[in-house]
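Novice: Dropping the structure in here first, questions after.
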Amino acid sequence: MPLRVAVCISGRGSNLEALLRSLGPTDGVSVVLVISNRADAGGLAVARDHDVPTAVVANTATADDWLRVLEAHRVDFVVLAGFLRKVPAEVIAQYRGRLINVHPALLPDHGGPGMYGLNVHRAVLARGDLESGATVHGVTEQYDDGPILGQARVPVRPDDTPEALAARVLAVEHRLLPAAVRAAARTGRAVPFTLND
Ligand code: GRF
């Protein structure tokens with residue numbers, strides 16, 4: 001039985017699309033639901049293009065609202081891919097060990113509240129870091145704080161703008177997240193992995 005995965009997005013969904021495109025019939029993964037807190041999220045169109053059911057879960061949604069939709073689709077595993085809201089604590093508890101997030105920096109650096117989008121890359125450049133990258137981690141009640149499961153590194157170039165660095169990091173996110181999900185499919189649990197998984 002394939003691992004039944006829900007992907008939560010708030011924006012364009014390029015990580016969702018990369019995941020959907022990367023999955024093959026032998027990976028043991030089925031993306032069964034895409035959730036967004038925004039009805040206008042571009043990622044919902046990506047889901048529809050891939051015939052994946054969608055659900056809009058408003059920012060005011062309760063944990064029960066979340067659990068009802070997750071249970072209705074018999075979701076085994078949850079991926080946050082550009083989801084910009086906190087998942088209710090009861091949902092994190094219910095999916096502990098089966099809930100991951102992709103972050104566009106090398107955690108534990110450059111994470112936490114407010115560290116999303118270009119803010120992350122501005123912070124990397126402002127600190128003069130020589131490299132950046134992406135992290136997939138387990139999700140806990142604190143932002144970007146769970147166990148680091150896998151990372152991919154990219155160089156920071158001297159003339160980088162936040163946008164240029166963001167694009168370089170996004171390219172490795174698109175490889176890192178599918179590897180994380182394939183590794184999880186083997187046991188049904190979020191596990192340490194490498195880009196080659
Ligand atoms: C990605 O950079 C991800 O790391 C961060 O939000 C962004 C989502 O981009 N959490 P997309 O919606 O997957 O294109």
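As shown in the structure tokens, the chain order sets the letters A, B, ...; within each chain, residues go from 1, and ligands are also counted from 1 in the order they appear.
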Write out as a PyMOL selection string which residues come within 7 Å of A:Leu80 when counting only C-alpha atoms, dropping same-chain ones fewer than 2 positions away.
Specialist: chain A and resi 7-9+78+82-83+100-102
Novice: Which residues are near ligand 1 - at most 10 Å, using only C-alpha atoms and all ligand atoms? Format: as number ranges by chain.
Specialist: A: 8-19, 41-43, 80-84, 101-105, 115-118, 120-121, 133-136, 144, 166-167, 169-174, 177
Novice: A:Asp129, A:Glu90, A:Asp145, A:Asp65: which is nearest A:Gly111, counting only C-alpha atoms?
Specialist: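 When distances to A:Gly111 are compared using only C-alpha atoms, the smallest one comes from A:Asp145.
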Novice: Which residue gives the smallest distance to A:Arg48 among A:Val156, A:Val34, A:Leu130, A:Ile92, with only C-alpha atoms counted?
Specialist: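 Selected residue with least distance to A:Arg48: A:Val34.
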Novice: My list of candidates is A:Gly114, A:Glu141, A:Arg189, A:Ala55. Which is closest to A:Lys86 when distances are computed with only C-alpha atoms?
Specialist: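 Looking only at the distances to A:Lys86, the closest residue turns out to be A:Glu141.
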Novice: Going by DSSP on the backbone, which bits of stretch 60-104 of chain A are strand (DSSP E or B)? Write them as number ranges by chain, please.
Specialist: A: 77-80, 99-103
Novice: Restricting the calculation to only C-alpha atoms, which member of A:Met1, A:Val52, A:Ala190, A:Leu149 is positioned closest to A:Phe77?
Specialist: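 Closest candidate: A:Ala190.
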Novice: Find, counting only C-alpha atoms, the residue in A:Asn119, A:Gly28, A:His110, A:Ile35 that gets nearest to A:Val69.
Specialist: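 Closest to A:Val69 of all the choices is A:Ile35.
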Novice: Report, in Å with one decimal, the straight-line distance from atom CA of A:Ala152 to atom CA of A:Leu176.
Specialist: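 For atom CA of A:Ala152 relative to atom CA of A:Leu176, the distance reads 6.8 Å.
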